[in-house]
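Peer 1: Once you've had a glance at the structure underneath, I'll fire off some questions.
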Amino acid sequence: MQASHEQSLTNSVVAITGASSGIGEAVAYEAARRGATLILMARSADKLTALAQDVTLLSGAPAYVVPVDVGDRAAIDDAVEQINTLTGRVDILLNAAGFGDFESIVDTDWAVVEKLFKVDVLGLMYFSRKIVSLMMVQGHGHILNVGSMAGKMPTPKSAYYSAAKAAVIQFTNVLRLELKPFGILATSINPGPVATNFFNIADKSGQYLNKVAAFTIDPGTLATKIVNAMGTTKREINAPFIMAVASVLYPLAPRIGDVIAGTFGNQK
């Protein structure tokens, strides 16, 4: 039975990029449990189809599969056309697609840097822009963008990823201000390390999650926080708590913060 404090998403259309794994997949299950109609987006049609079958059983509502590479602007245009045909509206958009790469500034392949910004930043911005146009017609909507604690606090071997996520956070902040007159909300989601396959690509050593186990977030727990925020005026989701506190203190004592980030934060 649904707990009394959980809002229902019945009759709400929730679109999720990066839905085939990680945070996006966890949110898909949680939103389905609350009755949402889902639009599932990622590159892998096979994974999305299997997920759609599972979440439909949970929600009793449709789950549509829209394969898309968010690093490709033309593919985003095609995806939005499909969404228009399938549902004609999006009430909530979660931009969860993205990847990271933990290498030093000079060792990171430049092609990886370009791809990182195309997917994590430009793709997120362009998808938001397209869906916002729909939401303005509707007179309501909510954009939730997955940033990162890396966008708030620097650590070694994350220069490009941190820069990308800082851009996501600031983009979301401006969305919140610009879109308020149109009844559209915007929330940034800034987690620390989440126990997902994100690190299969980002962490070539394979040891990072073990080193930061004390700060690692369960994706299901984070998904509950994200879905609880849908349709609310919550500005940010910052987790875990200790890193959320550190992100507030860092600008107040940046010299001390640099020492901590360069020692205790140097786990990659």
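Each chain in the structure tokens gets a letter, A, B, ..., in the order shown, and its residues are numbered from 1; ligands are numbered from 1 in order too.
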Just list the residues in segment 42-84 of chain A DSSP gives strand (DSSP E or B) on the backbone, as a VMD selection string.

Peer 2: chain A and resid 42 63 to 67

Peer 1: Do you know which residues are at most 7 Å from Gly18 of chain A counting only C-alpha atoms, after dropping those on the same chain fewer than 5 positions away, and could you put them as a ChimeraX atom specification?

Peer 2: /A:24,41-42,96-97

Peer 1: Residues of the last selection are to be written out with all heavy atoms, as a compact mmCIF listing (two decimals), in the first residue's frame.

Peer 2:
# COMPACT_ATOMS: atom_id res chain seq x y z
N GLY A 24 18.54 6.74 -13.54
CA GLY A 24 17.36 6.79 -14.39
C GLY A 24 16.49 5.56 -14.25
O GLY A 24 15.26 5.65 -14.14
N MET A 41 13.90 6.65 -22.09
CA MET A 41 14.83 7.02 -23.15
C MET A 41 16.27 6.66 -22.79
O MET A 41 16.72 6.86 -21.66
CB MET A 41 14.73 8.52 -23.42
CG MET A 41 13.39 8.95 -23.99
SD MET A 41 13.25 10.74 -24.17
CE MET A 41 12.99 11.24 -22.47
N ALA A 42 16.96 6.09 -23.75
CA ALA A 42 18.38 5.76 -23.66
C ALA A 42 18.78 5.25 -25.04
O ALA A 42 17.96 5.22 -25.97
CB ALA A 42 18.64 4.70 -22.58
N ALA A 96 18.74 12.27 -16.74
CA ALA A 96 19.67 11.43 -15.98
C ALA A 96 20.77 10.84 -16.85
O ALA A 96 21.67 10.19 -16.33
CB ALA A 96 18.91 10.31 -15.27
N ALA A 97 20.70 11.05 -18.15
CA ALA A 97 21.73 10.50 -19.04
C ALA A 97 23.06 11.20 -18.80
O ALA A 97 23.10 12.42 -18.63
CB ALA A 97 21.31 10.66 -20.50

Peer 1: So that I can see what lies close to segment 53-61 of chain A, please list as a list in words the residues with an atom at most 8 Å from it, counting only C-alpha atoms and leaving out residues fewer than 6 positions away in the same chain.

Peer 2: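 Neighbouring residues, sequence-local ones excluded: Ala28, Tyr29, Ala32, Arg33, Arg34, Gly35, Ala36, Thr37 and Leu38 of chain A.
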
Peer 1: Per DSSP on the backbone, filter segment 126-195 of chain A down to the residues in alpha helix (DSSP H) and report them as a count of residues only.

Peer 2: 34

Peer 1: Could you name the residues that touch segment 170-184 of chain A at 7 Å or less, counting only C-alpha atoms, but leaving out those on the same chain fewer than 4 positions away, as a PyMOL selection string?

Peer 2: chain A and resi 136+139-142+145+166+188

Peer 1: Keeping C-alpha atoms, export the residues of the selection given above as a compact mmCIF listing (two decimals), in the first residue's frame.

Peer 2:
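Listed below is the output, selection.txt:
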# COMPACT_ATOMS: atom_id res chain seq x y z
CA MET A 136 4.98 26.35 -21.72
CA GLY A 139 1.21 25.88 -18.39
CA HIS A 140 2.98 23.51 -16.02
CA GLY A 141 5.90 21.11 -15.75
CA HIS A 142 8.99 20.13 -13.82
CA ASN A 145 18.57 17.59 -13.86
CA ALA A 166 28.83 22.74 -12.45
CA SER A 188 19.07 19.97 -9.54

Peer 1: One number please: atom CA of Pro240 of chain A to atom CA of Ala31 of chain A, in Å, one decimal.

Peer 2: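 So the answer is 21.4 Å.
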
Peer 1: Pick the closest to Val194 of chain A from A:Gly151, A:Pro251, A:Pro67, A:Gly22: which is it, counting only C-alpha atoms?

Peer 2: A:Gly22
